[in-house]
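Data first, discussion second: the structure below is written as structure tokens.
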Amino acid sequence: MDILFFKYCNLKNRHLLLKLKNFKNIYHIKMVRDLIRICKKLRAFGFVEATSGNISMRKGSKVYITTAGSDFGEISKKDIALVDLNGKQIKGKPSSETRMHLEIYKVRDDCNAIIHTHPLFVILNSFKKYPLPILPEANFEWCYVKYLKPGSLELAKEVSKKAKRCDAIILERHGLVCLGRNLKEAFYKTEIMEKISKLGFLLSLSSF
Ligand SMILES: [Zn+2]
């Protein structure tokens, strides 16, 4: 009876270990799946074009990020790279803007997802700086960063400096970076920034 009981316990432990391993794998699969889903949405909404834009998610000391030159419209799991917080490549060739993502994660413990896009009206606003209307849903801080070479350390440092107090950073003559506790939150902020940029533009034209 005792032997049978111990055999049962060992079997149960093995199952638990296997479950833990599977859980890790399931988590990995879920992160990759979520990234792919949001990339496709960003492309469908017109927030990125061709191979522009990059998005990432942090899990512990690791960061999942889209690979260099990936087309969000046709993205698949092979287009998701993995790096550590120091930028060491673990899998795939990460985006050229990886440094910017990592610098932001270093200064924002509450941020676990970053979306960098090129929305049309946000870029227009970055040139013209017309006032952006305050709407109830735009309940987060945004700020501007002067033009710096994409992918440069200077840009990464400047954006992370602003990210200490802003959840949306408009990159002059370039695009937008939005931060969130998760991908959904970062996506909503991207949508809202484009909406208020569009609305601000239309208001600047109206004479009534
Ligand atoms: Zn860009």
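Ordering of the structure tokens sets the chain letters (A, B, ...); residue numbers start at 1 within each chain; ligands are numbered from 1 in the order shown.
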
From a DSSP pass on the backbone, collect the residues of stretch 40-193 of chain A flagged as helix (DSSP H, G or I) and hand them back as an MDAnalysis selection string. chainID A and resid 40:44 72:74 77:79 98:107 120:128 153:163 183:193

Store the residues of this selection in a file with N, CA and C atoms, as a short mmCIF file (atom, residue, chain, number, x, y, z; two decimals), in the first residue's frame.
```
data_model
loop_
_atom_site.label_atom_id
_atom_site.label_comp_id
_atom_site.auth_asym_id
_atom_site.auth_seq_id
_atom_site.Cartn_x
_atom_site.Cartn_y
_atom_site.Cartn_z
N LYS A 40 -0.75 42.86 -36.35
CA LYS A 40 -1.71 42.82 -37.47
C LYS A 40 -2.75 43.92 -37.33
N LYS A 41 -3.16 44.20 -36.08
CA LYS A 41 -4.12 45.28 -35.83
C LYS A 41 -3.50 46.63 -36.19
N LEU A 42 -2.26 46.83 -35.82
CA LEU A 42 -1.58 48.11 -36.10
C LEU A 42 -1.51 48.35 -37.60
N ARG A 43 -1.24 47.29 -38.34
CA ARG A 43 -1.17 47.40 -39.80
C ARG A 43 -2.56 47.68 -40.38
N ALA A 44 -3.56 46.94 -39.87
CA ALA A 44 -4.93 47.12 -40.36
C ALA A 44 -5.44 48.53 -40.08
N PHE A 72 4.44 43.95 -40.51
CA PHE A 72 3.38 43.61 -39.54
C PHE A 72 2.17 42.94 -40.19
N GLY A 73 1.96 43.21 -41.46
CA GLY A 73 0.81 42.62 -42.14
C GLY A 73 0.98 41.13 -42.37
N GLU A 74 2.21 40.68 -42.44
CA GLU A 74 2.47 39.26 -42.73
C GLU A 74 3.29 38.61 -41.63
N LYS A 77 5.45 33.89 -36.10
CA LYS A 77 6.25 33.72 -34.87
C LYS A 77 7.76 33.82 -35.13
N LYS A 78 8.19 33.57 -36.36
CA LYS A 78 9.63 33.69 -36.65
C LYS A 78 10.09 35.16 -36.63
N ASP A 79 9.13 36.08 -36.65
CA ASP A 79 9.44 37.51 -36.62
C ASP A 79 9.45 38.09 -35.21
N THR A 98 15.60 48.46 -30.73
CA THR A 98 15.57 47.70 -29.47
C THR A 98 16.11 48.51 -28.30
N ARG A 99 17.18 49.27 -28.56
CA ARG A 99 17.79 50.07 -27.50
C ARG A 99 16.77 51.02 -26.85
N MET A 100 15.94 51.61 -27.70
CA MET A 100 14.93 52.54 -27.20
C MET A 100 13.96 51.82 -26.25
N HIS A 101 13.53 50.63 -26.64
CA HIS A 101 12.61 49.85 -25.80
C HIS A 101 13.29 49.51 -24.47
N LEU A 102 14.53 49.06 -24.54
CA LEU A 102 15.22 48.64 -23.32
C LEU A 102 15.46 49.80 -22.36
N GLU A 103 15.81 50.96 -22.93
CA GLU A 103 16.04 52.14 -22.08
C GLU A 103 14.75 52.56 -21.37
N ILE A 104 13.62 52.41 -22.07
CA ILE A 104 12.34 52.76 -21.44
C ILE A 104 12.03 51.78 -20.30
N TYR A 105 12.21 50.47 -20.56
CA TYR A 105 11.93 49.49 -19.50
C TYR A 105 12.79 49.75 -18.26
N LYS A 106 14.00 50.26 -18.48
CA LYS A 106 14.90 50.51 -17.34
C LYS A 106 14.37 51.61 -16.42
N VAL A 107 13.64 52.58 -17.00
CA VAL A 107 13.17 53.70 -16.16
C VAL A 107 11.71 53.57 -15.74
N LEU A 120 -0.16 58.72 -39.23
CA LEU A 120 -0.12 59.90 -40.10
C LEU A 120 -0.34 61.23 -39.38
N PHE A 121 -1.44 61.33 -38.62
CA PHE A 121 -1.76 62.62 -37.99
C PHE A 121 -0.83 62.94 -36.82
N VAL A 122 -0.32 61.92 -36.16
CA VAL A 122 0.67 62.18 -35.09
C VAL A 122 1.93 62.79 -35.72
N ILE A 123 2.33 62.27 -36.87
CA ILE A 123 3.53 62.81 -37.54
C ILE A 123 3.25 64.23 -38.03
N LEU A 124 2.04 64.43 -38.55
CA LEU A 124 1.67 65.78 -38.99
C LEU A 124 1.77 66.75 -37.81
N ASN A 125 1.25 66.34 -36.67
CA ASN A 125 1.34 67.19 -35.48
C ASN A 125 2.79 67.43 -35.05
N SER A 126 3.64 66.44 -35.26
CA SER A 126 5.04 66.60 -34.87
C SER A 126 5.73 67.69 -35.70
N PHE A 127 5.20 67.94 -36.91
CA PHE A 127 5.74 69.03 -37.75
C PHE A 127 5.12 70.37 -37.34
N LYS A 128 3.79 70.36 -37.20
CA LYS A 128 3.04 71.61 -37.06
C LYS A 128 2.79 72.04 -35.62
N LEU A 153 21.53 55.79 -30.18
CA LEU A 153 21.57 55.78 -28.72
C LEU A 153 21.01 57.10 -28.18
N GLU A 154 21.28 58.20 -28.91
CA GLU A 154 20.80 59.52 -28.51
C GLU A 154 19.26 59.51 -28.43
N LEU A 155 18.64 58.93 -29.46
CA LEU A 155 17.17 58.87 -29.47
C LEU A 155 16.68 58.00 -28.30
N ALA A 156 17.31 56.86 -28.10
CA ALA A 156 16.92 55.95 -27.01
C ALA A 156 16.99 56.67 -25.66
N LYS A 157 18.07 57.41 -25.44
CA LYS A 157 18.27 58.12 -24.16
C LYS A 157 17.24 59.23 -23.98
N GLU A 158 17.00 59.98 -25.05
CA GLU A 158 16.08 61.11 -24.99
C GLU A 158 14.64 60.62 -24.74
N VAL A 159 14.26 59.56 -25.43
CA VAL A 159 12.91 59.02 -25.27
C VAL A 159 12.74 58.47 -23.85
N SER A 160 13.73 57.78 -23.34
CA SER A 160 13.59 57.20 -21.99
C SER A 160 13.53 58.30 -20.93
N LYS A 161 14.21 59.41 -21.20
CA LYS A 161 14.15 60.54 -20.27
C LYS A 161 12.70 61.06 -20.18
N LYS A 162 12.07 61.20 -21.35
CA LYS A 162 10.67 61.68 -21.39
C LYS A 162 9.72 60.63 -20.84
N ALA A 163 10.06 59.37 -21.03
CA ALA A 163 9.17 58.28 -20.60
C ALA A 163 9.03 58.22 -19.08
N LEU A 183 0.04 45.11 -23.59
CA LEU A 183 -0.04 45.51 -25.00
C LEU A 183 -1.34 46.24 -25.33
N LYS A 184 -2.43 45.76 -24.70
CA LYS A 184 -3.73 46.36 -24.98
C LYS A 184 -3.71 47.84 -24.62
N GLU A 185 -3.16 48.13 -23.44
CA GLU A 185 -3.10 49.52 -22.97
C GLU A 185 -2.26 50.38 -23.92
N ALA A 186 -1.11 49.85 -24.33
CA ALA A 186 -0.23 50.60 -25.25
C ALA A 186 -0.93 50.81 -26.59
N PHE A 187 -1.71 49.83 -27.01
CA PHE A 187 -2.45 49.95 -28.28
C PHE A 187 -3.52 51.04 -28.17
N TYR A 188 -4.28 51.03 -27.07
CA TYR A 188 -5.33 52.05 -26.89
C TYR A 188 -4.71 53.45 -26.91
N LYS A 189 -3.56 53.62 -26.28
CA LYS A 189 -2.93 54.94 -26.26
C LYS A 189 -2.51 55.36 -27.66
N THR A 190 -2.05 54.41 -28.45
CA THR A 190 -1.69 54.70 -29.85
C THR A 190 -2.93 55.21 -30.61
N GLU A 191 -4.04 54.48 -30.42
CA GLU A 191 -5.30 54.86 -31.08
C GLU A 191 -5.74 56.25 -30.65
N ILE A 192 -5.69 56.51 -29.36
CA ILE A 192 -6.14 57.80 -28.82
C ILE A 192 -5.25 58.93 -29.31
N MET A 193 -3.94 58.71 -29.35
CA MET A 193 -3.02 59.76 -29.83
C MET A 193 -3.32 60.12 -31.29
#
```

Could I get the residue neighbourhood of ligand 1 at 7 Å, counting only C-alpha atoms and all ligand atoms, as a PyMOL selection string? chain A and resi 52-53+116-118+150+174-175

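Proximity of A:Glu49, A:Asp34, A:Glu141, A:Asp71 to A:Ala168, computed with only C-alpha atoms, is greatest for A:Glu141.
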
Residue nearest A:Glu194 - candidates A:Pro133, A:Ser152, A:Asp109, A:Val32, atoms counted: only C-alpha atoms: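 For A:Glu194, the nearest of the candidates is A:Pro133.
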
Residues of stretch 3-198 of chain A in strand (DSSP E), written as a PyMOL selection string: chain A and resi 54-59+62-66+80-84+89-91+113-117+142-145+168-171+175-180

Counting only C-alpha atoms, the option among A:Val48, A:Leu17, A:Leu199, A:Met31 closest to A:Tyr130: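 Result for the nearest residue to A:Tyr130: A:Leu199.
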
Rounded to one decimal in Å, what is the spacing between atom CA of A:Arg14 and atom CA of A:Ile29?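 Separation between atom CA of A:Arg14 and atom CA of A:Ile29: 22.2 Å.
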
Top pick for closest residue to A:Arg181, considering A:Lys88, A:Lys30, A:Arg37, A:Arg108 and counting only C-alpha atoms: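 Ranking A:Lys88, A:Lys30, A:Arg37, A:Arg108 by distance to A:Arg181, first place goes to A:Arg108.
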
Write out as a ChimeraX atom specification which residues come within 10 Å of A:Val83 when counting only C-alpha atoms, dropping same-chain ones fewer than 3 positions away. /A:58,61-65,86-94,98,102

Pairwise distance for atom CA of A:Ile26 and atom CA of A:Cys39, rounded to one decimal in Å: 19.9 Å

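Taking only C-alpha atoms into account, A:Thr51 lies nearest to A:Ala68 out of the set A:Ile196, A:Ala68, A:Ile36, A:Leu176.
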
Grab the atom CA of A:Ala50 to atom CA of A:Asp167 distance for me, in Å with one decimal place. 25.4 Å

Could you pull the residues within 9 Å of A:Pro131, counting only C-alpha atoms, minus those fewer than 6 positions along the same chain, as an mmCIF file with N, CA and C atoms, in the first residue's frame?
```
data_model
loop_
_atom_site.group_PDB
_atom_site.id
_atom_site.type_symbol
_atom_site.label_atom_id
_atom_site.label_comp_id
_atom_site.auth_asym_id
_atom_site.auth_seq_id
_atom_site.Cartn_x
_atom_site.Cartn_y
_atom_site.Cartn_z
ATOM 1 N N ASN A 125 1.254 66.338 -36.670
ATOM 2 C CA ASN A 125 1.338 67.193 -35.477
ATOM 3 C C ASN A 125 2.786 67.430 -35.048
ATOM 4 N N SER A 197 -4.789 63.752 -32.528
ATOM 5 C CA SER A 197 -3.966 64.457 -33.524
ATOM 6 C C SER A 197 -4.811 64.821 -34.742
ATOM 7 N N GLY A 200 -7.326 67.523 -33.566
ATOM 8 C CA GLY A 200 -6.602 68.798 -33.412
ATOM 9 C C GLY A 200 -6.346 69.437 -34.765
ATOM 10 N N PHE A 201 -6.024 68.613 -35.746
ATOM 11 C CA PHE A 201 -5.773 69.125 -37.099
ATOM 12 C C PHE A 201 -7.056 69.719 -37.678
ATOM 13 N N SER A 204 -7.936 72.918 -36.108
ATOM 14 C CA SER A 204 -7.069 74.016 -36.547
ATOM 15 C C SER A 204 -7.497 74.574 -37.914
#
```

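Comparing the minimum interatomic distances between A:Gly46 and each of A:Cys111, A:His15, A:Cys178, A:Pro119, counting only C-alpha atoms, we find that A:Pro119 sits nearest.
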